[in-house]
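Text of the file final27.pdb, holding PDB, C-alpha atoms:
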```pdb
ATOM      1  CA  MET A   1     -59.895 167.554 101.949
ATOM      2  CA  ALA A   2     -59.869 166.887  98.202
ATOM      3  CA  GLN A   3     -63.488 168.038  97.917
ATOM      4  CA  GLN A   4     -62.747 171.126  99.998
ATOM      5  CA  ALA A   5     -59.713 172.028  97.893
ATOM      6  CA  LEU A   6     -61.698 171.545  94.682
ATOM      7  CA  ARG A   7     -63.878 174.525  95.615
ATOM      8  CA  PHE A   8     -60.860 176.786  95.107
ATOM      9  CA  ALA A   9     -59.859 175.349  91.714
ATOM     10  CA  ALA A  10     -60.739 177.980  89.111
ATOM     11  CA  ALA A  11     -59.542 175.823  86.209
ATOM     12  CA  LYS A  12     -57.416 172.812  85.379
ATOM     13  CA  GLY A  13     -53.790 173.181  86.416
ATOM     14  CA  TYR A  14     -52.774 175.645  89.117
ATOM     15  CA  SER A  15     -55.198 178.201  90.604
ATOM     16  CA  SER A  16     -54.144 181.041  92.902
ATOM     17  CA  THR A  17     -55.897 181.302  96.263
ATOM     18  CA  SER A  18     -56.529 184.039  98.813
ATOM     19  CA  VAL A  19     -53.546 182.754 100.819
ATOM     20  CA  PRO A  20     -50.289 184.200  99.521
ATOM     21  CA  MET A  21     -47.851 181.519  98.294
ATOM     22  CA  VAL A  22     -50.584 178.828  98.044
ATOM     23  CA  LYS A  23     -52.109 177.413  94.843
ATOM     24  CA  VAL A  24     -54.620 174.624  94.280
ATOM     25  CA  LEU A  25     -53.686 171.881  91.812
ATOM     26  CA  TYR A  26     -56.480 170.181  89.861
ATOM     27  CA  VAL A  27     -56.223 167.768  86.906
ATOM     28  CA  ASP A  28     -59.038 165.490  85.714
ATOM     29  CA  GLU A  29     -57.243 163.348  83.130
ATOM     30  CA  TYR A  30     -54.170 161.196  82.731
ATOM     31  CA  CYS A  31     -51.168 163.187  81.486
ATOM     32  CA  PRO A  32     -48.340 161.115  79.989
ATOM     33  CA  ARG A  33     -44.723 161.686  80.915
ATOM     34  CA  GLN A  34     -43.681 165.165  79.762
ATOM     35  CA  PRO A  35     -41.093 167.857  80.570
ATOM     36  CA  VAL A  36     -42.128 170.270  83.326
ATOM     37  CA  MET A  37     -40.544 172.959  85.484
ATOM     38  CA  TYR A  38     -41.266 173.362  89.188
ATOM     39  CA  GLU A  39     -40.572 176.436  91.276
ATOM     40  CA  PRO A  40     -39.218 175.877  94.822
ATOM     41  CA  GLY A  41     -42.052 174.694  97.020
ATOM     42  CA  ILE A  42     -43.987 171.919  98.732
ATOM     43  CA  VAL A  43     -46.595 169.855  96.867
ATOM     44  CA  ILE A  44     -49.185 168.026  98.957
ATOM     45  CA  ILE A  45     -51.533 165.651  97.118
ATOM     46  CA  PHE A  46     -54.977 164.776  98.522
ATOM     47  CA  GLN A  47     -56.179 162.525  95.694
ATOM     48  CA  GLY A  48     -54.548 160.928  92.646
ATOM     49  CA  HIS A  49     -50.776 160.809  92.240
ATOM     50  CA  LYS A  50     -47.849 161.987  90.169
ATOM     51  CA  VAL A  51     -44.593 160.280  89.224
ATOM     52  CA  GLY A  52     -41.540 162.458  88.620
ATOM     53  CA  TYR A  53     -38.409 161.462  86.709
ATOM     54  CA  CYS A  54     -35.206 163.392  87.364
ATOM     55  CA  GLY A  55     -32.115 161.853  85.792
ATOM     56  CA  SER A  56     -31.971 158.270  87.054
ATOM     57  CA  LYS A  57     -34.273 159.037  89.999
ATOM     58  CA  MET A  58     -38.001 158.325  90.119
ATOM     59  CA  PHE A  59     -40.323 159.623  92.828
ATOM     60  CA  GLN A  60     -44.065 159.246  93.426
ATOM     61  CA  TYR A  61     -45.929 161.905  95.365
ATOM     62  CA  ASP A  62     -49.394 161.024  96.538
ATOM     63  CA  PRO A  63     -51.657 161.301  99.627
ATOM     64  CA  SER A  64     -48.932 159.602 101.701
ATOM     65  CA  ASN A  65     -45.817 161.448 100.451
ATOM     66  CA  TYR A  66     -45.253 165.136  99.763
ATOM     67  CA  LEU A  67     -42.739 166.593  97.325
ATOM     68  CA  LEU A  68     -40.187 169.228  98.338
ATOM     69  CA  MET A  69     -38.428 171.227  95.619
ATOM     70  CA  THR A  70     -35.698 173.525  96.919
ATOM     71  CA  VAL A  71     -34.568 174.893  93.545
ATOM     72  CA  SER A  72     -36.249 175.541  90.182
ATOM     73  CA  LEU A  73     -35.760 172.238  88.453
ATOM     74  CA  PRO A  74     -36.689 170.895  85.025
ATOM     75  CA  PHE A  75     -37.673 167.225  85.068
ATOM     76  CA  GLU A  76     -40.336 164.935  83.604
ATOM     77  CA  CYS A  77     -43.680 164.197  85.190
ATOM     78  CA  GLU A  78     -46.539 161.741  84.697
ATOM     79  CA  THR A  79     -49.968 162.527  86.167
ATOM     80  CA  PHE A  80     -52.507 159.871  87.156
ATOM     81  CA  ALA A  81     -56.044 161.244  87.274
ATOM     82  CA  SER A  82     -59.511 160.807  85.733
ATOM     83  CA  PRO A  83     -62.836 162.719  85.702
ATOM     84  CA  GLU A  84     -64.145 160.319  88.357
ATOM     85  CA  GLN A  85     -60.954 160.505  90.427
ATOM     86  CA  PRO A  86     -59.235 163.828  89.665
ATOM     87  CA  LEU A  87     -55.830 164.737  91.033
ATOM     88  CA  VAL A  88     -56.246 167.405  93.733
ATOM     89  CA  GLY A  89     -53.582 169.016  95.875
ATOM     90  CA  LEU A  90     -51.883 172.162  97.146
ATOM     91  CA  ALA A  91     -48.633 173.767  96.022
ATOM     92  CA  VAL A  92     -46.981 175.983  98.647
ATOM     93  CA  ASN A  93     -44.166 178.280  97.543
ATOM     94  CA  ILE A  94     -41.145 178.590  99.818
ATOM     95  CA  ASP A  95     -40.422 182.110 101.044
ATOM     96  CA  THR A  96     -36.711 182.223 101.926
ATOM     97  CA  GLN A  97     -37.166 185.173 104.308
ATOM     98  CA  MET A  98     -39.858 183.262 106.198
ATOM     99  CA  LEU A  99     -37.544 180.246 106.283
ATOM    100  CA  GLN A 100     -34.638 182.308 107.633
ATOM    101  CA  ASP A 101     -36.808 183.866 110.347
ATOM    102  CA  LEU A 102     -38.074 180.420 111.325
ATOM    103  CA  LEU A 103     -34.531 179.040 111.637
ATOM    104  CA  ILE A 104     -33.568 182.019 113.829
ATOM    105  CA  ASP A 105     -36.514 181.266 116.126
ATOM    106  CA  ILE A 106     -35.572 177.581 116.271
ATOM    107  CA  GLY A 107     -32.002 178.454 117.242
ATOM    108  CA  ASP A 108     -29.588 175.656 118.057
ATOM    109  CA  ASP A 109     -32.076 172.976 119.126
ATOM    110  CA  ASP A 110     -30.490 169.649 118.276
ATOM    111  CA  TYR A 111     -33.493 167.832 116.820
ATOM    112  CA  LEU A 112     -32.866 169.241 113.342
ATOM    113  CA  MET A 113     -30.836 167.058 111.024
ATOM    114  CA  GLN A 114     -27.268 168.067 110.313
ATOM    115  CA  PRO A 115     -26.663 169.224 106.722
ATOM    116  CA  ARG A 116     -25.407 166.465 104.441
ATOM    117  CA  GLY A 117     -22.432 166.676 102.121
ATOM    118  CA  GLU A 118     -24.629 166.653  99.017
ATOM    119  CA  SER A 119     -28.320 167.418  98.664
ATOM    120  CA  SER A 120     -30.642 167.098  95.721
ATOM    121  CA  GLY A 121     -33.034 169.819  94.639
ATOM    122  CA  VAL A 122     -35.914 167.327  94.706
ATOM    123  CA  ASN A 123     -36.954 165.370  97.799
ATOM    124  CA  LEU A 124     -39.788 163.070  98.819
ATOM    125  CA  SER A 125     -40.961 162.602 102.408
ATOM    126  CA  PRO A 126     -43.886 160.971 104.265
ATOM    127  CA  LEU A 127     -46.756 163.343 105.032
ATOM    128  CA  SER A 128     -46.906 163.510 108.840
ATOM    129  CA  ASP A 129     -50.055 163.842 110.945
ATOM    130  CA  GLU A 130     -48.897 167.317 112.023
ATOM    131  CA  MET A 131     -48.548 168.460 108.407
ATOM    132  CA  LEU A 132     -51.913 166.960 107.528
ATOM    133  CA  CYS A 133     -53.630 168.794 110.396
ATOM    134  CA  ALA A 134     -51.961 172.086 109.426
ATOM    135  CA  THR A 135     -53.025 171.589 105.807
ATOM    136  CA  GLU A 136     -56.606 170.940 106.931
ATOM    137  CA  ARG A 137     -56.594 174.208 108.871
ATOM    138  CA  LEU A 138     -55.117 175.985 105.851
ATOM    139  CA  LEU A 139     -58.075 174.824 103.744
ATOM    140  CA  ASP A 140     -60.458 176.006 106.478
ATOM    141  CA  VAL A 141     -59.068 179.569 106.601
ATOM    142  CA  MET A 142     -59.187 179.757 102.797
ATOM    143  CA  GLU A 143     -63.000 179.789 103.081
ATOM    144  CA  LYS A 144     -62.924 183.425 104.313
ATOM    145  CA  PRO A 145     -60.726 186.063 102.609
ATOM    146  CA  LEU A 146     -59.812 187.902 105.822
ATOM    147  CA  ASP A 147     -58.944 184.656 107.634
ATOM    148  CA  ALA A 148     -56.891 183.601 104.616
ATOM    149  CA  ARG A 149     -54.935 186.857 104.483
ATOM    150  CA  VAL A 150     -54.259 187.105 108.226
ATOM    151  CA  LEU A 151     -53.995 183.478 109.358
ATOM    152  CA  GLY A 152     -52.909 181.760 106.134
ATOM    153  CA  PRO A 153     -49.227 182.842 106.208
ATOM    154  CA  GLN A 154     -48.925 181.655 109.819
ATOM    155  CA  ILE A 155     -50.121 178.174 108.838
ATOM    156  CA  VAL A 156     -47.719 178.158 105.866
ATOM    157  CA  ARG A 157     -44.941 178.994 108.357
ATOM    158  CA  GLU A 158     -46.120 176.086 110.517
ATOM    159  CA  LEU A 159     -45.923 173.757 107.500
ATOM    160  CA  LEU A 160     -42.344 174.874 106.867
ATOM    161  CA  TYR A 161     -41.548 174.131 110.508
ATOM    162  CA  TYR A 162     -42.806 170.546 110.180
ATOM    163  CA  VAL A 163     -40.839 170.080 106.951
ATOM    164  CA  LEU A 164     -37.711 171.252 108.793
ATOM    165  CA  ARG A 165     -38.357 168.649 111.475
ATOM    166  CA  GLY A 166     -38.908 165.880 108.932
ATOM    167  CA  SER A 167     -36.553 163.836 106.782
ATOM    168  CA  CYS A 168     -36.179 166.727 104.287
ATOM    169  CA  GLY A 169     -35.116 169.160 107.009
ATOM    170  CA  ALA A 170     -31.457 169.264 105.995
ATOM    171  CA  SER A 171     -32.260 170.098 102.375
ATOM    172  CA  LEU A 172     -34.471 172.977 103.465
ATOM    173  CA  GLN A 173     -31.801 174.279 105.857
ATOM    174  CA  GLU A 174     -29.171 174.212 103.153
ATOM    175  CA  LEU A 175     -31.314 176.458 100.984
ATOM    176  CA  VAL A 176     -30.476 179.392 103.282
ATOM    177  CA  ASN A 177     -27.127 178.242 104.696
ATOM    178  CA  ARG A 178     -24.509 180.223 102.783
ATOM    179  CA  HIS A 179     -21.676 177.883 103.658
ATOM    180  CA  THR A 180     -22.807 174.736 101.849
ATOM    181  CA  HIS A 181     -22.245 173.588  98.289
ATOM    182  CA  PHE A 182     -26.009 173.364  97.897
ATOM    183  CA  SER A 183     -26.511 177.052  98.683
ATOM    184  CA  GLN A 184     -23.687 177.995  96.296
ATOM    185  CA  ILE A 185     -25.384 176.062  93.491
ATOM    186  CA  ALA A 186     -28.730 177.627  94.475
ATOM    187  CA  LYS A 187     -27.069 181.035  94.045
ATOM    188  CA  ALA A 188     -25.897 180.036  90.547
ATOM    189  CA  LEU A 189     -29.412 178.820  89.711
ATOM    190  CA  ARG A 190     -30.891 182.167  90.783
ATOM    191  CA  ARG A 191     -28.379 183.890  88.483
ATOM    192  CA  ILE A 192     -29.538 181.679  85.596
ATOM    193  CA  GLU A 193     -33.215 182.324  86.393
ATOM    194  CA  ASN A 194     -32.706 186.089  86.442
ATOM    195  CA  GLN A 195     -30.396 186.322  83.404
ATOM    196  CA  TYR A 196     -31.174 183.232  81.314
ATOM    197  CA  ALA A 197     -31.321 185.249  78.075
ATOM    198  CA  GLU A 198     -27.721 186.408  78.469
ATOM    199  CA  ASN A 199     -24.618 184.622  77.206
ATOM    200  CA  LEU A 200     -23.888 182.559  80.323
ATOM    201  CA  ASN A 201     -20.772 180.418  80.551
ATOM    202  CA  VAL A 202     -19.802 177.788  83.086
ATOM    203  CA  GLU A 203     -16.463 179.392  83.964
ATOM    204  CA  GLN A 204     -18.137 182.646  85.013
ATOM    205  CA  LEU A 205     -20.879 180.871  86.987
ATOM    206  CA  ALA A 206     -18.270 178.778  88.816
ATOM    207  CA  TYR A 207     -16.150 181.862  89.577
ATOM    208  CA  GLU A 208     -19.128 183.721  91.045
ATOM    209  CA  VAL A 209     -19.741 180.978  93.619
ATOM    210  CA  ASN A 210     -16.023 180.485  94.391
ATOM    211  CA  MET A 211     -15.715 176.994  92.885
ATOM    212  CA  SER A 212     -13.389 175.417  90.390
ATOM    213  CA  VAL A 213     -15.076 174.441  87.116
ATOM    214  CA  SER A 214     -14.794 170.727  87.939
ATOM    215  CA  ALA A 215     -16.198 171.190  91.471
ATOM    216  CA  PHE A 216     -18.994 173.342  90.058
ATOM    217  CA  HIS A 217     -19.927 170.663  87.514
ATOM    218  CA  HIS A 218     -19.906 167.951  90.198
ATOM    219  CA  ASN A 219     -22.012 169.886  92.708
ATOM    220  CA  PHE A 220     -24.369 171.254  90.066
ATOM    221  CA  LYS A 221     -25.194 167.746  88.877
ATOM    222  CA  ALA A 222     -25.632 166.532  92.476
ATOM    223  CA  VAL A 223     -28.332 169.186  93.033
ATOM    224  CA  THR A 224     -30.074 169.233  89.639
ATOM    225  CA  ASN A 225     -29.262 165.826  88.082
ATOM    226  CA  THR A 226     -28.120 167.626  84.935
ATOM    227  CA  SER A 227     -25.185 169.681  83.618
ATOM    228  CA  PRO A 228     -25.083 173.507  83.839
ATOM    229  CA  LEU A 229     -25.382 173.984  80.059
ATOM    230  CA  GLN A 230     -28.239 171.491  79.792
ATOM    231  CA  TYR A 231     -30.022 173.260  82.653
ATOM    232  CA  VAL A 232     -29.686 176.648  80.941
ATOM    233  CA  LYS A 233     -31.001 175.203  77.666
ATOM    234  CA  SER A 234     -33.973 173.536  79.376
ATOM    235  CA  TYR A 235     -34.778 176.650  81.410
ATOM    236  CA  ARG A 236     -34.797 178.814  78.262
ATOM    237  CA  LEU A 237     -37.083 176.411  76.412
ATOM    238  CA  HIS A 238     -39.571 176.240  79.300
ATOM    239  CA  LYS A 239     -39.591 180.045  79.504
ATOM    240  CA  ALA A 240     -40.161 180.309  75.762
ATOM    241  CA  ARG A 241     -43.117 177.940  76.034
ATOM    242  CA  LEU A 242     -44.645 180.152  78.752
ATOM    243  CA  LEU A 243     -44.137 183.261  76.606
ATOM    244  CA  MET A 244     -45.866 181.648  73.642
ATOM    245  CA  VAL A 245     -48.847 180.386  75.649
ATOM    246  CA  HIS A 246     -49.431 183.237  78.103
ATOM    247  CA  ASP A 247     -48.158 186.236  76.099
ATOM    248  CA  GLY A 248     -49.090 185.014  72.616
ATOM    249  CA  LEU A 249     -45.582 185.431  71.202
ATOM    250  CA  LYS A 250     -44.586 183.750  67.963
ATOM    251  CA  ALA A 251     -41.901 181.068  68.183
ATOM    252  CA  SER A 252     -39.280 183.271  66.493
ATOM    253  CA  THR A 253     -39.951 186.159  68.900
ATOM    254  CA  ALA A 254     -39.940 183.901  71.962
ATOM    255  CA  ALA A 255     -36.664 182.344  70.785
ATOM    256  CA  ILE A 256     -34.957 185.749  70.662
ATOM    257  CA  ARG A 257     -36.484 186.779  73.995
ATOM    258  CA  VAL A 258     -34.918 183.785  75.806
ATOM    259  CA  GLY A 259     -31.492 184.139  74.212
ATOM    260  CA  TYR A 260     -31.521 182.141  70.972
ATOM    261  CA  GLU A 261     -29.888 183.709  67.908
ATOM    262  CA  SER A 262     -31.168 181.033  65.504
ATOM    263  CA  ALA A 263     -34.890 180.295  65.170
ATOM    264  CA  SER A 264     -34.151 176.965  63.478
ATOM    265  CA  GLN A 265     -31.878 175.886  66.339
ATOM    266  CA  PHE A 266     -34.610 176.893  68.808
ATOM    267  CA  SER A 267     -37.185 174.780  66.927
ATOM    268  CA  ARG A 268     -34.863 171.756  66.837
ATOM    269  CA  GLU A 269     -34.055 171.924  70.545
ATOM    270  CA  PHE A 270     -37.694 172.613  71.446
ATOM    271  CA  LYS A 271     -38.813 169.502  69.562
ATOM    272  CA  ARG A 272     -36.031 167.455  71.163
ATOM    273  CA  LEU A 273     -37.224 168.447  74.660
ATOM    274  CA  PHE A 274     -41.007 168.500  74.238
ATOM    275  CA  GLY A 275     -41.351 165.938  71.437
ATOM    276  CA  THR A 276     -43.258 168.309  69.144
ATOM    277  CA  THR A 277     -42.790 171.555  67.231
ATOM    278  CA  PRO A 278     -43.404 174.882  69.026
ATOM    279  CA  SER A 279     -46.613 175.584  67.062
ATOM    280  CA  ASP A 280     -48.047 172.091  67.673
ATOM    281  CA  GLU A 281     -47.178 172.202  71.375
ATOM    282  CA  ILE A 282     -48.783 175.603  71.870
ATOM    283  CA  ALA A 283     -51.926 174.534  70.006
ATOM    284  CA  ARG A 284     -52.170 171.458  72.235
ATOM    285  CA  LEU A 285     -51.756 173.435  75.442
ATOM    286  CA  ARG A 286     -54.270 176.073  74.400
ATOM    287  CA  ASP A 287     -56.791 173.384  73.481
ATOM    288  CA  ASN A 288     -56.364 171.873  76.931
ATOM    289  CA  SER A 289     -56.589 175.335  78.538
ATOM    290  CA  VAL A 290     -53.802 174.399  80.916
ATOM    291  CA  LEU A 291     -50.054 174.756  81.061
ATOM    292  CA  MET A 292     -48.789 172.134  83.462
ATOM    293  CA  GLN A 293     -45.878 173.189  85.652
ATOM    294  CA  GLY A 294     -45.293 169.869  87.343
TER     295      GLY A 294
END
```

The structure given in the file should be rewritten as structure tokens.
Amino acid sequence: MAQQALRFAAAKGYSSTSVPMVKVLYVDEYCPRQPVMYEPGIVIIFQGHKVGYCGSKMFQYDPSNYLLMTVSLPFECETFASPEQPLVGLAVNIDTQMLQDLLIDIGDDDYLMQPRGESSGVNLSPLSDEMLCATERLLDVMEKPLDARVLGPQIVRELLYYVLRGSCGASLQELVNRHTHFSQIAKALRRIENQYAENLNVEQLAYEVNMSVSAFHHNFKAVTNTSPLQYVKSYRLHKARLLMVHDGLKASTAAIRVGYESASQFSREFKRLFGTTPSDEIARLRDNSVLMQG
């Protein structure tokens, strides 16, 4: 499966495929622990492994365990790979409309786990035989563009179904259940993602999801392993890094674009997060021809 997936890797990092929502992940060298940002999705590794660090939690995703991210989450990641044994995998984005339709079809069958009181935005679960078979078929349909376009989304839907039936099922349910604390925090995170350059304050975010400030802080940290203000700061810095690499913006311009009024403050906080100055970090990423997202 690793060899088959490699055929769709256009470059190091993430490569889009002919199946909507699916990307191939390919890295051929060890990458030390560094800050990354994942979008909501499922990461299935065929070869090599990654270790993620989120607050006090550590999780290894590899050919035996897949990663489920239910919210956009900044954390740190270490990648284990080499030219002889590259890391190869698939990243599948989660479509909330597809998830909602799937839950409607499932109905009230009692095999799904009941939602928990608190859920984290990052989860690790064993890769089942059913998921492995579906992933193998997904790689097969990717060989032909028409098959990929027509059949690919159905196999992605099947993968979501098996995730719902697995140990991460409750976390995935809570993503679209409007009556849980998790979904309220997810709503606040979407607000941050869409308006990160604005002057956001915790009181307003808490009010918009009908929580007290203290309850909002508690539930926010339970989902993201960080505080609301720290999340906003990290999200802005990751976005600025993308703007500098992909759009060629200067650090001062990127800083303004993501909501910073002071270029010097931006540079200080950027170096604190990434361990290097904006110009040095961008030069490094461009030399490597890859911007790792997780």

List the spatial neighbours of A:Glu193 as a JSON list (two decimals) with C-alpha atoms, in the frame of the given file - criterion: any atom at most 10 Å away, all atoms listed in the file, same-chain residues fewer than 2 positions off excluded.
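Heads up, here's the output in selection.json:
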```json
[["chain", "number", "residue", "atom", "x", "y", "z"],
["A", 72, "SER", "CA", -36.25, 175.54, 90.18],
["A", 187, "LYS", "CA", -27.07, 181.04, 94.04],
["A", 188, "ALA", "CA", -25.90, 180.04, 90.55],
["A", 189, "LEU", "CA", -29.41, 178.82, 89.71],
["A", 190, "ARG", "CA", -30.89, 182.17, 90.78],
["A", 191, "ARG", "CA", -28.38, 183.89, 88.48],
["A", 195, "GLN", "CA", -30.40, 186.32, 83.40],
["A", 196, "TYR", "CA", -31.17, 183.23, 81.31],
["A", 197, "ALA", "CA", -31.32, 185.25, 78.08],
["A", 232, "VAL", "CA", -29.69, 176.65, 80.94],
["A", 235, "TYR", "CA", -34.78, 176.65, 81.41],
["A", 236, "ARG", "CA", -34.80, 178.81, 78.26],
["A", 239, "LYS", "CA", -39.59, 180.04, 79.50]]
```

Please write the residues picked by the PyMOL selection byres ((chain A and resi 277) around 12) on this file as a ChimeraX atom specification.
/A:237,241,251,263-276,278-284

Those residues with C-alpha atoms, as a PDB file, in the coordinates of the input please?
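Everything below was put into part.pdb:
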```pdb
ATOM      1  CA  LEU A 237     -37.083 176.411  76.412  1.00  0.00           C
ATOM      2  CA  ARG A 241     -43.117 177.940  76.034  1.00  0.00           C
ATOM      3  CA  ALA A 251     -41.901 181.068  68.183  1.00  0.00           C
ATOM      4  CA  ALA A 263     -34.890 180.295  65.170  1.00  0.00           C
ATOM      5  CA  SER A 264     -34.151 176.965  63.478  1.00  0.00           C
ATOM      6  CA  GLN A 265     -31.878 175.886  66.339  1.00  0.00           C
ATOM      7  CA  PHE A 266     -34.610 176.893  68.808  1.00  0.00           C
ATOM      8  CA  SER A 267     -37.185 174.780  66.927  1.00  0.00           C
ATOM      9  CA  ARG A 268     -34.863 171.756  66.837  1.00  0.00           C
ATOM     10  CA  GLU A 269     -34.055 171.924  70.545  1.00  0.00           C
ATOM     11  CA  PHE A 270     -37.694 172.613  71.446  1.00  0.00           C
ATOM     12  CA  LYS A 271     -38.813 169.502  69.562  1.00  0.00           C
ATOM     13  CA  ARG A 272     -36.031 167.455  71.163  1.00  0.00           C
ATOM     14  CA  LEU A 273     -37.224 168.447  74.660  1.00  0.00           C
ATOM     15  CA  PHE A 274     -41.007 168.500  74.238  1.00  0.00           C
ATOM     16  CA  GLY A 275     -41.351 165.938  71.437  1.00  0.00           C
ATOM     17  CA  THR A 276     -43.258 168.309  69.144  1.00  0.00           C
ATOM     18  CA  PRO A 278     -43.404 174.882  69.026  1.00  0.00           C
ATOM     19  CA  SER A 279     -46.613 175.584  67.062  1.00  0.00           C
ATOM     20  CA  ASP A 280     -48.047 172.091  67.673  1.00  0.00           C
ATOM     21  CA  GLU A 281     -47.178 172.202  71.375  1.00  0.00           C
ATOM     22  CA  ILE A 282     -48.783 175.603  71.870  1.00  0.00           C
ATOM     23  CA  ALA A 283     -51.926 174.534  70.006  1.00  0.00           C
ATOM     24  CA  ARG A 284     -52.170 171.458  72.235  1.00  0.00           C
TER      25      ARG A 284
END
```

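Counting only C-alpha atoms and comparing A:Ile94, A:Val36, A:Ile192, A:Val122, the residue that lies closest to A:Tyr161 is A:Ile94.
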
So how far away is atom CA of A:Gly121 from atom CA of A:Leu205, in Å?
18.1 Å

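When atom CA of A:Arg33 is paired with atom CA of A:Cys77, their separation reads 5.1 Å.
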
Determine the nearest neighbour of A:Pro74 from the options A:Leu249, A:Val258, A:Ile104, A:Met37, counting only C-alpha atoms.
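Going through A:Leu249, A:Val258, A:Ile104, A:Met37 one by one, the smallest distance to A:Pro74 is for A:Met37.
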
Find the residues around A:Leu229 up to 8 Å (only C-alpha atoms counted), leave out those fewer than 3 positions away in its own chain, and share them as an MDAnalysis selection string.
chainID A and resid 201:202 232:233

The PyMOL selection byres ((chain A and resi 4) around 10) on the file shown: which residues, as a ChimeraX atom specification?
/A:1-3,5-9,88,136,139-140,142-143

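Considering all atoms listed in the file, the residue among A:Asn65, A:Ser120, A:Gln230, A:Gln154 positioned nearest to A:Ala186 is A:Ser120.
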
Counting all atoms listed in the file, the option among A:Arg257, A:Asp105, A:Leu132, A:Asn123 closest to A:Glu198
A:Arg257

Of the listed residues A:Ser18, A:Thr224, A:Gln204, A:Thr135, that which approaches A:Thr70 most closely, counting all atoms listed in the file:
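Of all the options, A:Thr224 lies closest to A:Thr70.
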
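With only C-alpha atoms as the atoms that count, the minimum distance from A:Ala148 to the choices A:Pro20, A:Gly169, A:Pro83, A:Pro63 is reached by A:Pro20.
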
Expected selection from the PyMOL selection byres ((chain A and resi 52-62) around 10), given as an MDAnalysis selection string:
chainID A and resid 33:36 43:51 63:68 73:80 87:89 121:127 221 224:226 294

Fewer than 5 positions away in the same chain doesn't count, so skip those; otherwise give me all residues within 8 Å of A:Leu138, counting all atoms listed in the file, as a ChimeraX atom specification.
/A:148,152,155-156

Separation of atom CA of A:Val19 from atom CA of A:Leu175 in Å
23.1 Å

Size and centre in Å, one decimal, axis-aligned box, all listed stretch 240-248 of chain A atoms plus 3 Å per side, as JSON:
```
{"center_x": -44.8, "center_y": 182.1, "center_z": 75.7, "size_x": 15.3, "size_y": 14.3, "size_z": 12.1}
```

If I only have part of stretch 6-19 of chain A, can you fill in N, CA and C atoms and write it as a JSON list (two decimals), keeping the file's coordinate frame?
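Printed below is rebuild.json as written:
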```
[["chain", "number", "residue", "atom", "x", "y", "z"],
["A", 6, "LEU", "N", -61.12, 171.38, 96.02],
["A", 6, "LEU", "CA", -61.70, 171.54, 94.68],
["A", 6, "LEU", "C", -62.51, 172.83, 94.56],
["A", 7, "ARG", "N", -63.07, 173.31, 95.66],
["A", 7, "ARG", "CA", -63.88, 174.52, 95.62],
["A", 7, "ARG", "C", -63.05, 175.75, 95.23],
["A", 8, "PHE", "N", -61.73, 175.64, 95.41],
["A", 8, "PHE", "CA", -60.86, 176.79, 95.11],
["A", 8, "PHE", "C", -60.17, 176.64, 93.75],
["A", 9, "ALA", "N", -60.47, 175.58, 93.02],
["A", 9, "ALA", "CA", -59.86, 175.35, 91.71],
["A", 9, "ALA", "C", -60.64, 176.11, 90.64],
["A", 10, "ALA", "N", -60.06, 177.17, 90.11],
["A", 10, "ALA", "CA", -60.74, 177.98, 89.11],
["A", 10, "ALA", "C", -60.71, 177.31, 87.74],
["A", 11, "ALA", "N", -59.69, 176.50, 87.50],
["A", 11, "ALA", "CA", -59.54, 175.82, 86.21],
["A", 11, "ALA", "C", -58.59, 174.66, 86.39],
["A", 12, "LYS", "N", -58.40, 173.89, 85.32],
["A", 12, "LYS", "CA", -57.42, 172.81, 85.38],
["A", 12, "LYS", "C", -56.02, 173.41, 85.51],
["A", 13, "GLY", "N", -55.15, 172.68, 86.19],
["A", 13, "GLY", "CA", -53.79, 173.18, 86.42],
["A", 13, "GLY", "C", -53.70, 173.83, 87.78],
["A", 14, "TYR", "N", -53.00, 174.96, 87.85],
["A", 14, "TYR", "CA", -52.77, 175.64, 89.12],
["A", 14, "TYR", "C", -53.65, 176.88, 89.22],
["A", 15, "SER", "N", -54.34, 177.04, 90.36],
["A", 15, "SER", "CA", -55.20, 178.20, 90.60],
["A", 15, "SER", "C", -54.70, 178.93, 91.85],
["A", 16, "SER", "N", -54.54, 180.25, 91.74],
["A", 16, "SER", "CA", -54.14, 181.04, 92.90],
["A", 16, "SER", "C", -55.27, 181.04, 93.93],
["A", 17, "THR", "N", -54.91, 181.24, 95.18],
["A", 17, "THR", "CA", -55.90, 181.30, 96.26],
["A", 17, "THR", "C", -55.74, 182.61, 97.02],
["A", 18, "SER", "N", -56.60, 182.82, 98.00],
["A", 18, "SER", "CA", -56.53, 184.04, 98.81],
["A", 18, "SER", "C", -55.42, 183.98, 99.85],
["A", 19, "VAL", "N", -54.71, 182.86, 99.94],
["A", 19, "VAL", "CA", -53.55, 182.75, 100.82],
["A", 19, "VAL", "C", -52.29, 182.97, 99.97]]
```
